[in-house]
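Undergrad: Contents of input_35.cif (mmCIF, C-alpha atoms) are given next:
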data_query
#
loop_
_atom_site.label_atom_id
_atom_site.label_comp_id
_atom_site.auth_asym_id
_atom_site.auth_seq_id
_atom_site.Cartn_x
_atom_site.Cartn_y
_atom_site.Cartn_z
CA MET A 84 11.97 105.30 -50.52
CA ARG A 85 14.18 103.38 -52.95
CA ILE A 86 13.54 99.66 -53.40
CA SER A 87 16.48 97.45 -54.29
CA PRO A 88 16.18 95.24 -57.40
CA SER A 89 16.53 92.07 -55.30
CA CYS A 90 13.60 93.05 -53.05
CA LEU A 91 11.48 93.97 -56.05
CA ARG A 92 12.26 90.65 -57.62
CA GLN A 93 11.16 88.78 -54.49
CA VAL A 94 7.90 90.72 -54.38
CA ILE A 95 7.16 89.84 -58.01
CA VAL A 96 7.87 86.16 -57.38
CA LEU A 97 5.58 86.13 -54.31
CA LEU A 98 2.77 87.83 -56.23
CA ALA A 99 3.12 85.34 -59.06
CA ALA A 100 3.01 82.46 -56.60
CA ALA A 101 -0.12 83.85 -54.96
CA ILE A 102 -1.86 84.26 -58.29
CA GLY A 103 -0.83 80.80 -59.42
CA SER A 104 -2.13 79.19 -56.25
CA ILE A 105 -5.67 80.51 -56.68
CA SER A 106 -8.06 77.63 -57.32
CA VAL A 107 -10.51 78.21 -60.16
CA THR A 108 -13.58 75.99 -60.11
CA SER A 109 -14.76 76.75 -63.62
CA SER A 110 -13.59 78.57 -66.67
CA LYS A 111 -14.46 79.07 -70.26
CA GLY A 112 -10.86 78.32 -71.12
CA GLY A 113 -11.15 80.45 -74.27
CA GLU A 114 -13.23 77.75 -75.99
CA GLU A 115 -16.77 78.73 -76.91
CA GLY A 116 -19.56 76.47 -75.67
CA VAL A 117 -17.28 74.64 -73.21
CA GLU A 118 -17.27 74.76 -69.42
CA TYR A 119 -14.54 73.28 -67.22
CA GLY A 120 -14.99 71.95 -63.72
CA ARG A 121 -12.66 70.57 -61.09
CA ILE A 122 -13.28 66.99 -60.00
CA GLY A 123 -14.78 66.92 -56.50
CA SER A 124 -16.02 70.53 -56.63
CA SER A 125 -19.36 72.09 -57.68
CA ILE A 126 -20.33 74.11 -60.74
CA THR A 127 -23.41 75.99 -61.86
CA LEU A 128 -24.55 75.78 -65.49
CA MET A 129 -26.63 78.71 -66.72
CA CYS A 130 -28.99 78.79 -69.63
CA SER A 131 -29.06 81.80 -71.99
CA ASN A 132 -29.24 85.00 -69.98
CA ASP A 133 -32.39 86.20 -71.69
CA ASN A 134 -34.46 83.11 -71.00
CA ASN A 135 -33.37 81.86 -67.56
CA SER A 136 -36.84 82.32 -66.08
CA SER A 137 -38.45 80.27 -68.84
CA VAL A 138 -36.26 77.18 -68.43
CA ALA A 139 -38.46 74.14 -68.12
CA GLU A 140 -36.00 71.29 -68.46
CA TRP A 141 -32.29 70.38 -68.52
CA ARG A 142 -31.03 67.37 -70.41
CA PHE A 143 -27.75 65.48 -70.19
CA ASN A 144 -26.68 63.94 -73.50
CA GLY A 145 -30.32 64.12 -74.61
CA THR A 146 -31.92 62.58 -71.50
CA PRO A 147 -33.61 64.47 -68.62
CA TYR A 148 -32.10 62.12 -66.02
CA ILE A 149 -29.39 64.02 -64.09
CA PRO A 150 -29.06 62.45 -60.62
CA TRP A 151 -26.02 64.57 -59.63
CA GLY A 152 -27.70 67.94 -60.33
CA PHE A 153 -30.68 70.09 -59.26
CA TYR A 154 -32.41 73.24 -60.51
CA THR A 155 -32.12 76.64 -58.90
CA LYS A 156 -34.96 79.16 -58.66
CA LEU A 157 -33.64 80.98 -61.71
CA GLY A 158 -33.53 77.83 -63.77
CA HIS A 159 -29.79 77.23 -63.45
CA LEU A 160 -28.43 73.68 -63.07
CA GLU A 161 -26.29 73.11 -59.99
CA LEU A 162 -23.89 70.15 -60.22
CA THR A 163 -22.19 68.98 -57.03
CA SER A 164 -19.24 66.68 -56.35
CA LEU A 165 -18.17 66.53 -59.97
CA HIS A 166 -16.77 63.25 -61.25
CA THR A 167 -15.74 61.94 -64.63
CA SER A 168 -19.19 60.53 -65.38
CA ALA A 169 -20.54 64.10 -65.27
CA MET A 170 -18.67 65.01 -68.45
CA GLY A 171 -20.93 65.49 -71.44
CA ASN A 172 -23.33 67.82 -73.20
CA TYR A 173 -25.93 69.76 -71.14
CA SER A 174 -28.82 71.55 -72.85
CA CYS A 175 -31.74 73.59 -71.54
CA TYR A 176 -35.26 73.80 -73.03
CA ASN A 177 -38.26 76.05 -72.47
CA GLN A 178 -41.80 74.93 -71.71
CA PHE A 179 -42.52 74.51 -75.43
CA GLY A 180 -39.59 72.08 -75.85
CA GLU A 181 -37.50 74.60 -77.72
CA LEU A 182 -33.72 74.47 -77.22
CA LEU A 183 -32.47 77.58 -75.48
CA SER A 184 -28.73 76.79 -75.20
CA SER A 185 -26.27 73.97 -74.68
CA VAL A 186 -22.82 73.62 -73.14
CA LEU A 187 -20.16 70.90 -73.12
CA LEU A 188 -18.82 70.16 -69.64
CA LYS A 189 -15.27 68.85 -69.17
CA VAL A 190 -13.88 67.99 -65.77
CA GLY A 191 -10.36 67.37 -64.57
CA TYR A 192 -7.69 68.26 -62.05
CA PRO A 193 -5.68 71.42 -61.54
CA GLN A 194 -2.02 71.61 -62.48
CA GLY A 195 0.73 69.46 -61.09
CA PHE A 196 4.03 68.61 -62.73
CA VAL A 197 7.65 67.80 -62.11
CA CYS A 198 10.60 69.07 -64.11
CA LEU A 199 13.85 67.24 -64.76
CA LEU A 200 17.01 69.01 -65.87
CA ARG A 201 19.78 67.40 -67.87
CA ALA A 202 22.86 68.45 -69.85
CA SER A 203 24.44 65.98 -72.25
CA ASP A 204 27.45 68.33 -72.51
CA TYR A 205 28.66 71.63 -71.09
CA GLU A 206 27.22 73.77 -73.89
CA ASN A 207 23.52 72.92 -73.85
CA PHE A 208 20.98 71.82 -71.26
CA TYR A 209 17.39 70.64 -71.36
CA CYS A 210 14.31 70.76 -69.18
CA TYR A 211 11.86 67.85 -69.26
CA TRP A 212 8.51 68.16 -67.53
CA LYS A 213 5.90 65.58 -66.72
CA SER A 214 2.47 65.95 -65.14
CA SER A 215 2.32 64.51 -61.65
CA VAL A 216 -1.45 64.05 -62.10
CA GLU A 217 -3.58 63.27 -65.13
CA THR A 218 -5.49 66.55 -65.48
CA MET A 219 -7.61 65.29 -68.43
CA LEU A 220 -7.65 68.90 -69.61
CA PRO A 221 -5.77 70.77 -72.36
CA THR A 222 -2.48 71.96 -70.89
CA ARG A 223 0.38 74.11 -72.13
CA TYR A 224 3.79 75.01 -70.70
CA ILE A 225 5.84 78.19 -70.88
CA ALA A 226 9.54 78.06 -69.97
CA SER A 227 12.03 80.88 -69.56
CA TYR A 228 15.47 81.28 -68.00
CA ARG A 229 17.79 83.87 -66.53
CA SER A 230 21.52 83.42 -65.97
CA ARG A 231 23.67 84.74 -63.15
CA ASN A 232 25.05 87.23 -65.65
CA HIS A 233 21.50 88.58 -66.20
CA ILE A 234 21.13 86.96 -69.60
CA SER A 235 17.49 85.95 -70.05
CA GLY A 236 15.49 84.25 -72.75
CA ILE A 237 12.79 81.75 -73.66
CA CYS A 238 13.57 78.06 -73.35
CA VAL A 239 13.01 76.82 -76.90
CA GLN A 240 10.28 74.21 -77.34
CA GLU A 241 10.13 71.99 -80.41
CA PRO A 242 6.70 70.98 -81.78
CA VAL A 243 7.77 67.33 -81.98
CA ARG A 244 8.73 67.40 -78.27
CA PRO A 245 6.02 69.37 -76.46
CA SER A 246 7.24 68.28 -73.01
CA MET A 247 10.80 69.53 -73.40
CA CYS A 248 12.67 72.78 -73.97
CA SER A 249 16.35 73.51 -74.52
CA VAL A 250 18.85 76.29 -73.76
CA ARG A 251 21.62 76.44 -76.35
CA LYS A 252 25.15 77.81 -76.04
CA SER A 253 24.93 78.04 -72.27
CA GLU A 254 27.80 79.14 -70.03
CA PHE A 255 29.05 76.08 -68.16
CA TRP A 256 30.64 78.22 -65.40
CA SER A 257 27.39 80.11 -64.75
CA SER A 258 24.17 79.20 -62.93
CA TYR A 259 20.66 79.64 -64.26
CA GLN A 260 17.17 80.10 -62.86
CA MET A 261 14.40 78.35 -64.80
CA ASN A 262 10.73 79.38 -64.63
CA ILE A 263 8.34 76.68 -65.85
CA THR A 264 4.65 77.65 -65.93
CA GLU A 265 1.84 75.16 -66.51
CA GLU A 266 -1.57 76.42 -67.65
CA ASN A 267 -4.89 74.67 -68.11
CA PRO A 268 -8.52 75.90 -68.00
CA LEU A 269 -8.60 75.56 -64.20
CA GLY A 270 -5.69 77.95 -63.66
CA SER A 271 -1.90 77.97 -63.69
CA SER A 272 1.06 77.04 -61.54
CA PHE A 273 4.81 77.49 -61.89
CA ARG A 274 8.14 76.14 -60.68
CA LEU A 275 11.39 78.02 -60.10
CA LEU A 276 14.46 75.85 -60.55
CA GLU A 277 18.12 76.63 -59.92
CA VAL A 278 20.42 75.13 -62.53
CA THR A 279 24.17 74.50 -62.21
CA MET A 280 25.78 72.80 -65.19
CA GLN A 281 28.25 70.81 -63.10
CA SER A 282 25.42 69.19 -61.13
CA ILE A 283 23.17 68.16 -64.04
CA VAL A 284 25.67 67.14 -66.73
CA LYS A 285 25.03 63.58 -67.90
CA PRO A 286 26.86 62.46 -71.04
CA ASP A 287 25.24 60.35 -73.70
CA PRO A 288 26.44 56.71 -73.80
CA PRO A 289 29.77 55.99 -75.56
CA GLU A 290 29.45 54.94 -79.17
CA LYS A 291 30.86 52.29 -81.54
CA LEU A 292 31.38 49.71 -78.82
CA LEU A 293 33.48 46.83 -80.19
CA VAL A 294 34.23 43.56 -78.39
CA GLU A 295 36.71 41.13 -79.96
CA PRO A 296 38.42 37.88 -78.89
CA ILE A 297 42.20 37.90 -78.42
CA PRO A 298 44.00 35.15 -80.37
CA PHE A 299 45.29 32.27 -78.19
CA ALA A 300 43.80 33.88 -75.04
CA PRO A 301 40.70 31.85 -74.11
CA ARG A 302 39.85 34.02 -71.07
CA ARG A 303 40.23 37.48 -72.58
CA LEU A 304 38.21 39.96 -74.59
CA GLN A 305 39.38 43.22 -76.15
CA VAL A 306 36.86 46.06 -75.65
CA SER A 307 37.02 49.48 -77.37
CA TRP A 308 34.70 52.46 -77.91
CA VAL A 309 34.69 56.17 -78.82
CA TYR A 310 33.40 59.36 -77.18
CA PRO A 311 29.70 60.16 -77.68
CA SER A 312 29.27 62.45 -80.68
CA THR A 313 27.38 65.00 -78.53
CA TRP A 314 30.32 65.53 -76.17
CA PRO A 315 32.46 68.61 -76.92
CA PRO A 316 35.81 67.72 -78.53
CA GLU A 317 37.81 70.22 -76.43
CA PRO A 318 40.72 68.54 -74.55
CA HIS A 319 39.70 70.10 -71.20
CA PHE A 320 36.38 68.20 -71.29
CA GLN A 321 37.49 64.63 -70.61
CA LEU A 322 35.46 61.56 -69.70
CA LYS A 323 36.06 58.44 -67.67
CA PHE A 324 34.35 55.13 -68.35
CA ARG A 325 32.84 52.04 -66.74
CA VAL A 326 32.78 48.65 -68.45
CA GLN A 327 30.31 46.05 -67.23
CA TYR A 328 30.30 42.48 -68.50
CA ARG A 329 28.89 39.06 -67.67
CA PRO A 330 28.39 35.67 -69.28
CA ALA A 331 25.05 35.53 -71.06
CA GLN A 332 23.93 32.69 -68.77
CA PHE A 333 24.60 34.68 -65.58
CA SER A 334 22.73 37.63 -64.08
CA SER A 335 25.44 39.38 -62.03
CA TRP A 336 27.78 41.95 -63.61
CA SER A 337 31.47 42.62 -63.18
CA VAL A 338 32.41 46.31 -63.44
CA VAL A 339 35.77 48.00 -64.05
CA GLU A 340 36.65 51.69 -64.50
CA THR A 341 39.17 53.20 -66.88
CA VAL A 342 40.15 56.53 -68.43
CA ASN A 343 41.18 54.91 -71.71
CA LEU A 344 39.11 54.21 -74.79
CA SER A 345 39.81 50.49 -74.55
CA ASP A 346 40.25 47.77 -71.98
CA VAL A 347 41.02 44.06 -71.75
CA ILE A 348 38.74 41.70 -69.86
CA THR A 349 41.11 39.15 -68.30
CA ASP A 350 38.66 36.97 -66.35
CA ALA A 351 36.18 35.95 -69.03
CA PHE A 352 34.78 32.42 -68.98
CA ALA A 353 36.34 30.29 -71.70
CA GLY A 354 33.95 29.22 -74.44
CA MET A 355 30.99 31.25 -73.11
CA GLU A 356 29.20 34.16 -74.78
CA HIS A 357 29.60 37.43 -72.86
CA ILE A 358 27.50 40.62 -72.78
CA VAL A 359 29.42 43.90 -72.57
CA GLN A 360 28.24 47.50 -72.03
CA VAL A 361 30.00 50.78 -71.30
CA SER A 362 28.99 54.14 -69.76
CA ALA A 363 30.70 57.52 -69.32
CA LYS A 364 31.02 60.31 -66.77
CA ASP A 365 32.83 63.63 -66.47
CA PHE A 366 36.52 63.00 -65.66
CA LEU A 367 36.32 65.25 -62.57
CA ASP A 368 33.32 63.27 -61.26
CA ALA A 369 30.80 66.06 -61.89
CA GLY A 370 27.17 65.23 -62.65
CA ASN A 371 25.97 61.68 -63.32
CA TRP A 372 26.98 58.55 -65.17
CA SER A 373 25.50 58.19 -68.63
CA ASP A 374 23.05 55.46 -69.48
CA TRP A 375 24.62 52.16 -70.49
CA SER A 376 25.38 51.68 -74.15
CA GLU A 377 23.64 49.02 -76.17
CA GLU A 378 24.69 45.45 -75.44
CA VAL A 379 27.43 43.85 -77.51
CA ARG A 380 28.02 40.08 -77.36
CA ALA A 381 31.23 38.15 -78.01
CA VAL A 382 32.89 34.81 -77.24
CA PRO A 383 36.57 34.53 -76.20
CA TRP A 384 39.00 32.76 -78.52
CA THR A 385 38.69 28.96 -78.69
CA SER A 386 40.68 26.29 -80.57
CA THR A 387 38.65 24.79 -83.41
CA THR A 388 38.88 21.97 -85.92
CA THR A 389 38.71 22.65 -89.63
CA LYS A 390 37.38 20.37 -92.29
CA ALA A 391 39.44 19.87 -95.42
CA SER A 392 37.71 21.32 -98.44
CA GLU A 393 39.05 18.76 -100.91
CA ASP A 394 38.27 15.51 -99.10
CA THR A 395 36.16 14.19 -96.27
CA THR A 396 39.00 13.74 -93.82
CA THR A 397 39.24 16.13 -90.94
CA THR A 398 42.54 17.51 -89.83
CA GLU A 399 43.12 18.98 -86.44
CA THR A 400 44.31 22.53 -86.48
CA VAL A 401 47.76 22.80 -84.99
CA VAL A 402 47.58 25.49 -82.38
CA PRO A 403 50.77 26.85 -80.84
CA GLU A 404 51.00 27.00 -77.10
CA PRO A 405 49.57 30.25 -75.73
CA VAL A 406 52.27 32.81 -75.25
CA ALA A 407 52.42 34.31 -71.80
CA ASP A 408 51.12 37.81 -71.77
CA PRO A 409 53.35 40.05 -69.62
CA SER A 410 50.45 42.42 -69.05
CA ASP A 411 48.62 39.83 -66.90
CA PRO A 412 49.20 40.60 -63.18
CA VAL A 413 49.23 36.89 -62.27
CA GLU A 414 51.87 36.14 -64.89
CA LYS A 415 53.92 39.11 -63.69
CA VAL A 416 53.95 37.70 -60.14
CA ALA A 417 54.92 34.22 -61.42
CA MET A 418 57.76 35.71 -63.44
CA LEU A 419 59.06 37.66 -60.45
CA ILE A 420 58.96 34.53 -58.26
CA SER A 421 60.90 32.55 -60.89
CA LEU A 422 63.54 35.27 -61.14
CA GLY A 423 63.81 35.36 -57.34
CA ILE A 424 64.35 31.61 -57.10
CA PHE A 425 66.99 31.73 -59.84
CA ALA A 426 68.84 34.56 -58.12
CA PHE A 427 68.74 32.67 -54.81
CA VAL A 428 70.26 29.53 -56.37
CA VAL A 429 73.04 31.53 -58.05
CA LEU A 430 73.83 33.36 -54.82
CA THR A 431 73.94 30.06 -52.89
CA LEU A 432 76.41 28.61 -55.37
CA PHE A 433 78.67 31.67 -55.09
CA LEU A 434 78.59 31.46 -51.29
CA ALA A 435 79.45 27.75 -51.36
CA VAL A 436 82.41 28.32 -53.67
CA GLY A 437 83.62 31.17 -51.49
CA VAL A 438 83.51 29.04 -48.34
CA LEU A 439 85.45 26.26 -50.01
CA VAL A 440 88.12 28.68 -51.23
CA TRP A 441 88.41 30.23 -47.79
CA VAL A 442 88.73 26.82 -46.11
CA ARG A 443 91.31 25.73 -48.70
CA VAL A 444 93.57 28.73 -48.52
CA GLY A 445 93.27 29.28 -44.78
CA ARG A 446 94.11 32.40 -42.87
CA LYS A 447 97.47 33.85 -41.75
CA THR A 448 98.52 33.57 -38.14
CA LYS A 449 99.76 36.44 -36.02
CA ASP A 450 103.44 35.71 -36.79
CA GLY A 451 102.84 35.86 -40.51
CA THR A 452 102.86 32.14 -41.17
CA ILE A 453 99.97 30.58 -42.95
CA LYS A 454 97.74 28.55 -40.72
CA PRO A 455 97.27 25.11 -42.21
CA ASP A 456 93.76 24.23 -43.00
CA PHE A 457 91.88 21.32 -41.50
CA LEU A 458 92.51 18.98 -44.41
CA SER A 459 96.28 19.60 -44.37
CA ALA A 460 96.44 18.83 -40.63
CA ILE A 461 94.73 15.54 -41.18
CA HIS A 462 97.12 14.69 -43.99
CA MET A 463 100.21 15.49 -41.89
CA LYS A 464 98.96 13.42 -38.97
CA ALA A 465 98.74 10.42 -41.22
CA LEU A 466 102.39 10.64 -42.45
CA PRO A 467 105.20 8.54 -40.76
CA LYS A 468 107.28 10.27 -38.12
CA ALA A 469 110.44 10.05 -40.20
CA GLN A 470 108.84 11.92 -43.06
CA ILE A 471 107.56 14.58 -40.73
CA LEU A 472 111.10 15.18 -39.37
#
As a first step, turn the structure in this file into structure tokens.
TA:
Amino acid sequence: MRISPSCLRQVIVLLAAAIGSISVTSSKGGEEGVEYGRIGSSITLMCSNDNNSSVAEWRFNGTPYIPWGFYTKLGHLELTSLHTSAMGNYSCYNQFGELLSSVLLKVGYPQGFVCLLRASDYENFYCYWKSSVETMLPTRYIASYRSRNHISGICVQEPVRPSMCSVRKSEFWSSYQMNITEENPLGSSFRLLEVTMQSIVKPDPPEKLLVEPIPFAPRRLQVSWVYPSTWPPEPHFQLKFRVQYRPAQFSSWSVVETVNLSDVITDAFAGMEHIVQVSAKDFLDAGNWSDWSEEVRAVPWTSTTTKASEDTTTTETVVPEPVADPSDPVEKVAMLISLGIFAFVVLTLFLAVGVLVWVRVGRKTKDGTIKPDFLSAIHMKALPKAQIL
């Protein structure tokens, strides 16, 4: 019978999981003269195999007082319900007080860890792991990966970062399966993680954040920044940004979004120091927002007085009236209202002139004669009868 590769793969994974879930109560751990025990469990310490029957006494750190242990018939030392106070050196002696052997006991917990995945760009991703319990035992991690295109390899670990590994030159359109194995003297456990670049990408914070006052604008601040240096420079990998700001005396933030590399804060508090930060995210809203950049502080423009350098008199700096900024939405609305009022006045004047002309000239009657206007009729009524005839 032929077994498909997918079925064989599932069988291997299940076998690995079964092996990893086996609880080991004690182990040499590859270190001579050391025994490892799991906290809460029991362990049996044996003297040298050739002299078990001649064991007369066990000592813990040089003293015969061991309240958490008892001897067996063969001279072994049985320790129950291990706890951290049971860690130390155990030695066995014969009836003549001669040392037969000694062993160092270390206790701890079995494996338990969590793994976090992150990509600061679409070309590389990282796996960070952290123990969910303090095992108190020497532990090591082994990480490997396999892509959807059947490209496999070892996740590279750097000596200076023992709790992290990286996959370089990854395929951002592909998915990966990570296998993280944790080993300590009590056994091993592993995690299988599915990785999709679009779901874990998290850019680094934008860099070179600059906040400057705008001359003659006491409620505005000019903010600019650049892409993080770790983000790929290709034009199809774009970012969008959030700017958060607040007066230094306040605790609540104002937040605005933009796709540009600069923005103008238009509602700053005059004369107050402001704190500004910026973060980034993939333009198509994939992944997560970056961490906030470092804080930058600035104060909006204010009029000041200068002291003459040649005498002690002070002269007030002549400051021109602030020029209206057409980019301000409020000023745009005010300008439109002013233009509307002006147009209405002009139109009213034209209508008034037209009415007066129409009244003055009058309209023609049906027989072609011009119908006298109201003012002419009044004038004719006032003339003497002889003049009318």
Undergrad: With distances taken over only C-alpha atoms, which of A:Ser246, A:Ser230, A:Asn343, A:Ser184 is nearest to A:Trp212?
TA: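 Comparing A:Ser246, A:Ser230, A:Asn343, A:Ser184 against A:Trp212, the winner is A:Ser246.
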Undergrad: Quick one: pull the distance between atom CA of A:Ala226 and atom CA of A:Asn371, Å, one decimal.
TA: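 Answer for the atom CA of A:Ala226 to atom CA of A:Asn371 separation: 24.1 Å.
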Undergrad: Nearest to A:Thr163: which of A:Trp141, A:Thr341, A:Gly123, A:Gln332 is it, counting all atoms listed in the file?
TA: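 Nearest to A:Thr163: A:Gly123.
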Undergrad: Separation of atom CA of A:Met219 and atom CA of A:Gly145, in Å?
TA: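 Rounded to one decimal, the two atoms are 23.6 Å apart.
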Undergrad: Excluding A:Val347 and its own-chain neighbours fewer than 2 positions away, which residues fall within 9 Å of it when counting only C-alpha atoms? Please give them as a list in words.
TA: Arg303, Leu304, Gln305, Val306, Ser307, Ser345 and Thr349 of chain A
Undergrad: Work out how far apart atom CA of A:His357 and atom CA of A:Pro383 are and give it in Å to one decimal.
TA: 8.3 Å
Undergrad: Translate the PyMOL selection byres ((chain A and resi 144) around 7), as applied to the file shown, into an explicit residue set as a PyMOL selection string.
TA: chain A and resi 142-143+145-146+171-173
Undergrad: I need the output of the PyMOL selection byres ((chain A and resi 233) around 12) for this file as a PyMOL selection string; which residues are they?
TA: chain A and resi 228-232+234-236+254+257-260
Undergrad: Padding 5 Å on each side, edges along x, y and z: where is the centre of the box around the listed atoms of stretch 115-129 of chain A, and how long are its edges in Å to one decimal? Output it as AutoDock Vina command-line options.
TA:
--center_x -19.6 --center_y 72.8 --center_z -66.7 --size_x 24.0 --size_y 21.8 --size_z 30.4
Undergrad: Name every residue that the PyMOL selection byres ((chain A and resi 309) around 6) selects in this structure, writing the answer as a PyMOL selection string with chains first and numbers rising.
TA: chain A and resi 289-290+308+310
Undergrad: For A:Trp336, please output as a CSV table (one decimal) with C-alpha atoms, keeping the file's coordinate frame all residues within 10 Å (counting all atoms listed in the file; exclusion window: fewer than 3 positions along the same chain).
TA:
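Output file part.csv is given in full below:
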chain,number,residue,atom,x,y,z
A,326,VAL,CA,32.8,48.6,-68.4
A,327,GLN,CA,30.3,46.0,-67.2
A,328,TYR,CA,30.3,42.5,-68.5
A,329,ARG,CA,28.9,39.1,-67.7
A,330,PRO,CA,28.4,35.7,-69.3
A,333,PHE,CA,24.6,34.7,-65.6
A,358,ILE,CA,27.5,40.6,-72.8
A,359,VAL,CA,29.4,43.9,-72.6
Undergrad: Nearest to A:Gly354: which of A:Ala300, A:Leu160, A:Ala169, A:Val442 is it, counting only C-alpha atoms?
TA: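 Of A:Ala300, A:Leu160, A:Ala169, A:Val442, the one nearest A:Gly354, counting only C-alpha atoms, is A:Ala300.
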Undergrad: Which of these residues is nearest to A:Ser386, using only C-alpha atoms: A:Cys238, A:Ala426, A:Tyr148, A:Ala353?
TA: A:Ala353
